[in-house]
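What follows is target-v2.txt (compact mmCIF, N, CA and C atoms).
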# COMPACT_ATOMS: atom_id res chain seq x y z
N VAL A 1 7.59 8.26 8.68
CA VAL A 1 6.33 8.43 9.41
C VAL A 1 6.07 7.23 10.31
N GLN A 2 5.62 7.49 11.51
CA GLN A 2 5.23 6.42 12.42
C GLN A 2 3.80 6.67 12.89
N LEU A 3 3.10 5.57 13.10
CA LEU A 3 1.72 5.65 13.57
C LEU A 3 1.62 4.95 14.91
N GLN A 4 0.99 5.61 15.86
CA GLN A 4 0.86 5.02 17.20
C GLN A 4 -0.61 4.97 17.59
N ALA A 5 -1.13 3.76 17.70
CA ALA A 5 -2.54 3.56 18.02
C ALA A 5 -2.72 3.23 19.50
N SER A 6 -3.89 3.55 20.00
CA SER A 6 -4.24 3.24 21.39
C SER A 6 -5.74 3.10 21.52
N GLY A 7 -6.18 2.52 22.64
CA GLY A 7 -7.59 2.46 22.92
C GLY A 7 -8.23 1.10 22.83
N GLY A 8 -7.46 0.08 22.45
CA GLY A 8 -8.04 -1.25 22.37
C GLY A 8 -8.36 -1.81 23.75
N GLY A 9 -9.05 -2.96 23.77
CA GLY A 9 -9.37 -3.58 25.04
C GLY A 9 -10.46 -4.60 24.91
N LEU A 10 -11.01 -4.98 26.05
CA LEU A 10 -12.09 -5.97 26.13
C LEU A 10 -13.40 -5.25 26.39
N VAL A 11 -14.42 -5.59 25.62
CA VAL A 11 -15.73 -4.97 25.78
C VAL A 11 -16.80 -6.02 25.56
N GLN A 12 -17.93 -5.84 26.20
CA GLN A 12 -19.03 -6.78 26.02
C GLN A 12 -19.78 -6.48 24.72
N PRO A 13 -20.45 -7.48 24.17
CA PRO A 13 -21.26 -7.24 22.98
C PRO A 13 -22.26 -6.11 23.22
N GLY A 14 -22.40 -5.26 22.22
CA GLY A 14 -23.26 -4.09 22.35
C GLY A 14 -22.56 -2.87 22.92
N GLY A 15 -21.36 -3.05 23.39
CA GLY A 15 -20.60 -1.95 23.98
C GLY A 15 -19.89 -1.10 22.95
N SER A 16 -19.12 -0.14 23.45
CA SER A 16 -18.41 0.81 22.59
C SER A 16 -16.95 0.92 22.99
N LEU A 17 -16.13 1.26 22.01
CA LEU A 17 -14.72 1.57 22.23
C LEU A 17 -14.33 2.66 21.24
N ARG A 18 -13.32 3.44 21.62
CA ARG A 18 -12.77 4.41 20.68
C ARG A 18 -11.27 4.20 20.57
N LEU A 19 -10.83 4.00 19.34
CA LEU A 19 -9.41 3.90 19.06
C LEU A 19 -8.89 5.25 18.57
N SER A 20 -7.65 5.53 18.91
CA SER A 20 -6.99 6.74 18.44
C SER A 20 -5.67 6.36 17.79
N CYS A 21 -5.24 7.18 16.85
CA CYS A 21 -3.96 6.93 16.20
C CYS A 21 -3.31 8.27 15.88
N VAL A 22 -2.09 8.43 16.37
CA VAL A 22 -1.34 9.66 16.13
C VAL A 22 -0.25 9.38 15.12
N GLY A 23 -0.11 10.28 14.15
CA GLY A 23 0.95 10.16 13.16
C GLY A 23 2.11 11.07 13.49
N PHE A 24 3.32 10.53 13.35
CA PHE A 24 4.53 11.32 13.61
C PHE A 24 5.34 11.36 12.33
N GLY A 25 5.57 12.57 11.81
CA GLY A 25 6.39 12.68 10.62
C GLY A 25 5.73 13.52 9.55
N SER A 26 6.06 13.23 8.30
CA SER A 26 5.61 14.03 7.17
C SER A 26 4.10 14.05 7.02
N THR A 27 3.56 15.25 6.88
CA THR A 27 2.12 15.39 6.67
C THR A 27 1.70 14.78 5.34
N PHE A 28 2.60 14.82 4.36
CA PHE A 28 2.29 14.26 3.04
C PHE A 28 1.89 12.80 3.13
N SER A 29 2.55 12.06 4.00
CA SER A 29 2.26 10.63 4.14
C SER A 29 0.99 10.35 4.93
N LEU A 30 0.40 11.40 5.47
CA LEU A 30 -0.83 11.24 6.24
C LEU A 30 -2.03 11.74 5.45
N TYR A 31 -1.90 11.84 4.11
CA TYR A 31 -3.00 12.34 3.28
C TYR A 31 -4.26 11.51 3.48
N VAL A 32 -4.10 10.21 3.49
CA VAL A 32 -5.20 9.30 3.82
C VAL A 32 -4.81 8.56 5.09
N MET A 33 -5.72 8.52 6.03
CA MET A 33 -5.51 7.74 7.25
C MET A 33 -6.70 6.83 7.44
N GLY A 34 -6.47 5.67 8.00
CA GLY A 34 -7.57 4.75 8.17
C GLY A 34 -7.24 3.59 9.07
N TRP A 35 -8.09 2.59 8.99
CA TRP A 35 -7.98 1.41 9.85
C TRP A 35 -8.21 0.13 9.06
N TYR A 36 -7.41 -0.85 9.38
CA TYR A 36 -7.60 -2.22 8.93
C TYR A 36 -7.73 -3.09 10.17
N ARG A 37 -8.22 -4.30 9.97
CA ARG A 37 -8.27 -5.24 11.07
C ARG A 37 -8.01 -6.65 10.57
N GLN A 38 -7.55 -7.49 11.49
CA GLN A 38 -7.32 -8.90 11.16
C GLN A 38 -7.81 -9.76 12.32
N ALA A 39 -8.82 -10.56 12.01
CA ALA A 39 -9.37 -11.48 13.01
C ALA A 39 -8.59 -12.79 12.95
N PRO A 40 -8.63 -13.55 14.02
CA PRO A 40 -7.90 -14.83 14.05
C PRO A 40 -8.34 -15.74 12.91
N GLY A 41 -7.38 -16.23 12.16
CA GLY A 41 -7.67 -17.15 11.07
C GLY A 41 -8.25 -16.51 9.83
N LYS A 42 -8.32 -15.19 9.80
CA LYS A 42 -8.89 -14.50 8.63
C LYS A 42 -7.89 -13.55 8.02
N GLU A 43 -8.18 -13.14 6.80
CA GLU A 43 -7.31 -12.19 6.12
C GLU A 43 -7.55 -10.78 6.67
N ARG A 44 -6.53 -9.98 6.51
CA ARG A 44 -6.66 -8.59 6.92
C ARG A 44 -7.69 -7.90 6.03
N GLU A 45 -8.54 -7.04 6.61
CA GLU A 45 -9.56 -6.35 5.84
C GLU A 45 -9.59 -4.87 6.20
N MET A 46 -10.00 -4.07 5.23
CA MET A 46 -10.13 -2.64 5.46
C MET A 46 -11.37 -2.36 6.29
N VAL A 47 -11.24 -1.53 7.30
CA VAL A 47 -12.37 -1.08 8.09
C VAL A 47 -12.92 0.23 7.51
N GLY A 48 -12.02 1.14 7.21
CA GLY A 48 -12.42 2.40 6.62
C GLY A 48 -11.29 3.40 6.65
N GLY A 49 -11.52 4.54 6.02
CA GLY A 49 -10.48 5.56 5.97
C GLY A 49 -11.06 6.91 5.62
N ILE A 50 -10.20 7.92 5.73
CA ILE A 50 -10.63 9.28 5.45
C ILE A 50 -9.46 10.08 4.90
N MET A 51 -9.74 10.82 3.81
CA MET A 51 -8.72 11.69 3.23
C MET A 51 -8.73 13.02 3.97
N GLU A 52 -7.60 13.71 3.92
CA GLU A 52 -7.54 15.04 4.49
C GLU A 52 -8.56 15.92 3.77
N GLY A 53 -9.50 16.46 4.51
CA GLY A 53 -10.53 17.31 3.91
C GLY A 53 -11.66 16.56 3.24
N GLY A 54 -11.67 15.24 3.36
CA GLY A 54 -12.69 14.44 2.71
C GLY A 54 -13.66 13.79 3.67
N SER A 55 -14.56 12.97 3.12
CA SER A 55 -15.54 12.25 3.92
C SER A 55 -15.05 10.82 4.13
N PRO A 56 -15.38 10.22 5.25
CA PRO A 56 -14.93 8.86 5.50
C PRO A 56 -15.66 7.83 4.65
N GLU A 57 -15.00 6.72 4.39
CA GLU A 57 -15.65 5.58 3.75
C GLU A 57 -15.46 4.38 4.66
N TYR A 58 -16.40 3.43 4.57
CA TYR A 58 -16.41 2.30 5.49
C TYR A 58 -16.65 0.99 4.75
N ALA A 59 -16.20 -0.09 5.36
CA ALA A 59 -16.57 -1.42 4.90
C ALA A 59 -18.05 -1.63 5.24
N ASP A 60 -18.73 -2.41 4.42
CA ASP A 60 -20.16 -2.68 4.66
C ASP A 60 -20.41 -3.29 6.03
N SER A 61 -19.46 -4.08 6.52
CA SER A 61 -19.65 -4.79 7.77
C SER A 61 -19.67 -3.87 8.99
N VAL A 62 -19.18 -2.65 8.84
CA VAL A 62 -19.12 -1.74 9.99
C VAL A 62 -19.93 -0.47 9.77
N LYS A 63 -20.44 -0.31 8.57
CA LYS A 63 -21.21 0.90 8.28
C LYS A 63 -22.37 1.03 9.26
N ASP A 64 -22.67 2.22 9.70
CA ASP A 64 -23.75 2.53 10.65
C ASP A 64 -23.41 2.17 12.08
N ARG A 65 -22.25 1.53 12.32
CA ARG A 65 -21.83 1.24 13.69
C ARG A 65 -20.52 1.94 14.05
N PHE A 66 -19.65 2.10 13.06
CA PHE A 66 -18.34 2.71 13.29
C PHE A 66 -18.29 4.09 12.66
N THR A 67 -17.56 4.99 13.29
CA THR A 67 -17.39 6.34 12.77
C THR A 67 -15.91 6.71 12.79
N ILE A 68 -15.41 7.16 11.65
CA ILE A 68 -14.01 7.60 11.55
C ILE A 68 -13.98 9.13 11.45
N SER A 69 -13.10 9.72 12.21
CA SER A 69 -12.91 11.16 12.14
C SER A 69 -11.42 11.46 12.29
N ARG A 70 -11.04 12.67 11.92
CA ARG A 70 -9.63 13.03 12.06
C ARG A 70 -9.48 14.48 12.48
N ASP A 71 -8.38 14.74 13.16
CA ASP A 71 -8.01 16.08 13.57
C ASP A 71 -6.66 16.35 12.91
N ASN A 72 -6.68 17.12 11.83
CA ASN A 72 -5.46 17.33 11.06
C ASN A 72 -4.39 18.07 11.87
N ALA A 73 -4.82 18.99 12.69
CA ALA A 73 -3.85 19.76 13.48
C ALA A 73 -3.08 18.85 14.42
N LYS A 74 -3.74 17.81 14.90
CA LYS A 74 -3.10 16.87 15.83
C LYS A 74 -2.56 15.64 15.12
N LYS A 75 -2.72 15.58 13.78
CA LYS A 75 -2.30 14.41 13.00
C LYS A 75 -2.87 13.14 13.63
N THR A 76 -4.12 13.19 13.99
CA THR A 76 -4.75 12.09 14.73
C THR A 76 -6.02 11.66 14.02
N ILE A 77 -6.24 10.35 14.01
CA ILE A 77 -7.46 9.77 13.48
C ILE A 77 -8.12 8.96 14.59
N TYR A 78 -9.44 8.93 14.57
CA TYR A 78 -10.20 8.23 15.59
C TYR A 78 -11.12 7.20 14.93
N LEU A 79 -11.37 6.12 15.65
CA LEU A 79 -12.34 5.12 15.22
C LEU A 79 -13.29 4.88 16.39
N GLN A 80 -14.49 5.44 16.28
CA GLN A 80 -15.51 5.22 17.30
C GLN A 80 -16.31 3.99 16.90
N MET A 81 -16.30 2.99 17.76
CA MET A 81 -16.97 1.72 17.47
C MET A 81 -18.12 1.53 18.45
N ASN A 82 -19.33 1.48 17.90
CA ASN A 82 -20.52 1.29 18.71
C ASN A 82 -21.19 -0.03 18.37
N ASN A 83 -22.04 -0.49 19.27
CA ASN A 83 -22.77 -1.74 19.05
C ASN A 83 -21.82 -2.86 18.59
N LEU A 84 -20.76 -3.03 19.34
CA LEU A 84 -19.74 -4.01 18.95
C LEU A 84 -20.27 -5.43 19.03
N LYS A 85 -19.80 -6.25 18.10
CA LYS A 85 -20.22 -7.64 17.99
C LYS A 85 -19.00 -8.54 18.17
N PRO A 86 -19.21 -9.80 18.57
CA PRO A 86 -18.07 -10.71 18.72
C PRO A 86 -17.24 -10.81 17.44
N GLU A 87 -17.88 -10.69 16.29
CA GLU A 87 -17.14 -10.78 15.03
C GLU A 87 -16.27 -9.55 14.75
N ASP A 88 -16.38 -8.53 15.59
CA ASP A 88 -15.48 -7.38 15.48
C ASP A 88 -14.16 -7.63 16.19
N THR A 89 -14.07 -8.75 16.90
CA THR A 89 -12.82 -9.10 17.58
C THR A 89 -11.70 -9.26 16.56
N ALA A 90 -10.63 -8.49 16.77
CA ALA A 90 -9.52 -8.50 15.81
C ALA A 90 -8.41 -7.61 16.34
N VAL A 91 -7.28 -7.71 15.68
CA VAL A 91 -6.22 -6.72 15.88
C VAL A 91 -6.48 -5.59 14.89
N TYR A 92 -6.55 -4.39 15.39
CA TYR A 92 -6.84 -3.22 14.55
C TYR A 92 -5.55 -2.46 14.28
N TYR A 93 -5.35 -2.13 13.00
CA TYR A 93 -4.14 -1.44 12.58
C TYR A 93 -4.48 -0.06 12.04
N CYS A 94 -3.74 0.91 12.48
CA CYS A 94 -3.82 2.24 11.91
C CYS A 94 -2.92 2.30 10.68
N VAL A 95 -3.42 2.91 9.61
CA VAL A 95 -2.64 2.97 8.37
C VAL A 95 -2.68 4.38 7.80
N SER A 96 -1.75 4.66 6.91
CA SER A 96 -1.78 5.95 6.22
C SER A 96 -1.07 5.82 4.88
N GLY A 97 -1.28 6.83 4.03
CA GLY A 97 -0.65 6.83 2.72
C GLY A 97 -1.42 7.71 1.76
N LEU A 98 -1.37 7.34 0.48
CA LEU A 98 -2.06 8.12 -0.54
C LEU A 98 -3.35 7.46 -1.01
N ASN A 99 -3.54 6.21 -0.68
CA ASN A 99 -4.73 5.47 -1.08
C ASN A 99 -5.07 4.47 0.01
N ILE A 100 -6.29 4.55 0.53
CA ILE A 100 -6.66 3.70 1.67
C ILE A 100 -6.62 2.22 1.30
N ARG A 101 -6.77 1.90 0.02
CA ARG A 101 -6.76 0.50 -0.38
C ARG A 101 -5.33 -0.04 -0.56
N TYR A 102 -4.38 0.86 -0.59
CA TYR A 102 -2.98 0.45 -0.69
C TYR A 102 -2.14 1.31 0.25
N PRO A 103 -2.41 1.21 1.55
CA PRO A 103 -1.69 2.06 2.49
C PRO A 103 -0.22 1.69 2.57
N GLY A 104 0.63 2.71 2.58
CA GLY A 104 2.06 2.43 2.59
C GLY A 104 2.64 2.33 3.97
N ILE A 105 1.92 2.84 4.95
CA ILE A 105 2.46 2.88 6.31
C ILE A 105 1.48 2.21 7.26
N TRP A 106 2.02 1.32 8.08
CA TRP A 106 1.21 0.58 9.04
C TRP A 106 1.76 0.81 10.44
N GLY A 107 0.84 1.02 11.37
CA GLY A 107 1.24 1.10 12.76
C GLY A 107 1.17 -0.28 13.40
N ARG A 108 1.64 -0.37 14.63
CA ARG A 108 1.49 -1.61 15.38
C ARG A 108 0.03 -1.77 15.74
N GLY A 109 -0.47 -2.99 15.72
CA GLY A 109 -1.87 -3.23 15.98
C GLY A 109 -2.26 -3.08 17.43
N THR A 110 -3.54 -2.89 17.64
CA THR A 110 -4.09 -2.86 18.99
C THR A 110 -5.25 -3.85 19.04
N GLN A 111 -5.28 -4.66 20.08
CA GLN A 111 -6.26 -5.74 20.17
C GLN A 111 -7.61 -5.21 20.65
N VAL A 112 -8.66 -5.62 19.94
CA VAL A 112 -10.04 -5.36 20.37
C VAL A 112 -10.72 -6.71 20.52
N THR A 113 -11.23 -6.98 21.70
CA THR A 113 -11.91 -8.24 21.97
C THR A 113 -13.33 -7.95 22.45
N VAL A 114 -14.29 -8.53 21.74
CA VAL A 114 -15.70 -8.36 22.09
C VAL A 114 -16.21 -9.70 22.60
N SER A 115 -16.48 -9.76 23.88
CA SER A 115 -16.86 -11.03 24.48
C SER A 115 -17.60 -10.79 25.79
N SER A 116 -18.54 -11.67 26.09
CA SER A 116 -19.24 -11.58 27.36
C SER A 116 -18.56 -12.45 28.40
Show the structure stored in the file as structure tokens.
Amino acid sequence: VQLQASGGGLVQPGGSLRLSCVGFGSTFSLYVMGWYRQAPGKEREMVGGIMEGGSPEYADSVKDRFTISRDNAKKTIYLQMNNLKPEDTAVYYCVSGLNIRYPGIWGRGTQVTVSS
């Protein structure tokens, strides 16, 4: 399975971005899809994830600002990020597997920079 993310970029504080991630390969390995991020000098952290047919879960730091959705037919997951803050600046990774807290598959990261 391979994951291909897109949609990163530079945005001003308070702005919005939408990331997309397409999975290529076995549907079994895409049971859970989600996002992690790693800011400069910090450890990688879970942003959130969603099981096939389930409801999304989020880290407290992004709850009420970020929305995760998926299109199973397209093997695609989306991360809509609103009211972005400078502390959201990070490399965002698309992940998949059987458990969002222990994802077995990682895509290449996409940079999100929030700055004025």
Kindly provide the residues of segment 58-114 of chain A that approach segment 12-19 of chain A to within 6 Å, each paired with its closest atom pair and their distance in Å to one decimal, based on only C-alpha atoms, listed by chain and increasing number, as a tab-separated table.
residue	atom	partner	partner_atom	distance
A:Tyr78	CA	A:Leu19	CA	5.6
A:Leu79	CA	A:Leu19	CA	5.0
A:Gln80	CA	A:Arg18	CA	4.4
A:Met81	CA	A:Leu17	CA	5.3
A:Asn82	CA	A:Ser16	CA	4.4
A:Asn83	CA	A:Gly14	CA	4.1
A:Leu84	CA	A:Gly14	CA	4.9
A:Lys85	CA	A:Pro13	CA	5.1
A:Val114	CA	A:Gln12	CA	5.4
Atom N of Tyr93 of chain A and atom CA of Ile77 of chain A are how many Å apart? 12.1 Å
If you count only N, CA and C atoms, which residues fall within 8 Å of Asp88 of chain A, apart from same-chain ones fewer than 2 positions away, as a list in words?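 Neighbouring residues, sequence-local ones excluded: Gln38, Ala39, Leu84, Lys85, Pro86, Ala90, Val91, Val112, Thr113 and Val114 of chain A.
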Measuring between all atoms listed in the file, which one of A:Ile68, A:Ile105, A:Cys94, A:Ile100 shows the shortest distance to Tyr36 of chain A? A:Cys94
Any idea what the distance is between atom CA of Ser69 of chain A and atom C of Gly9 of chain A? 20.4 Å
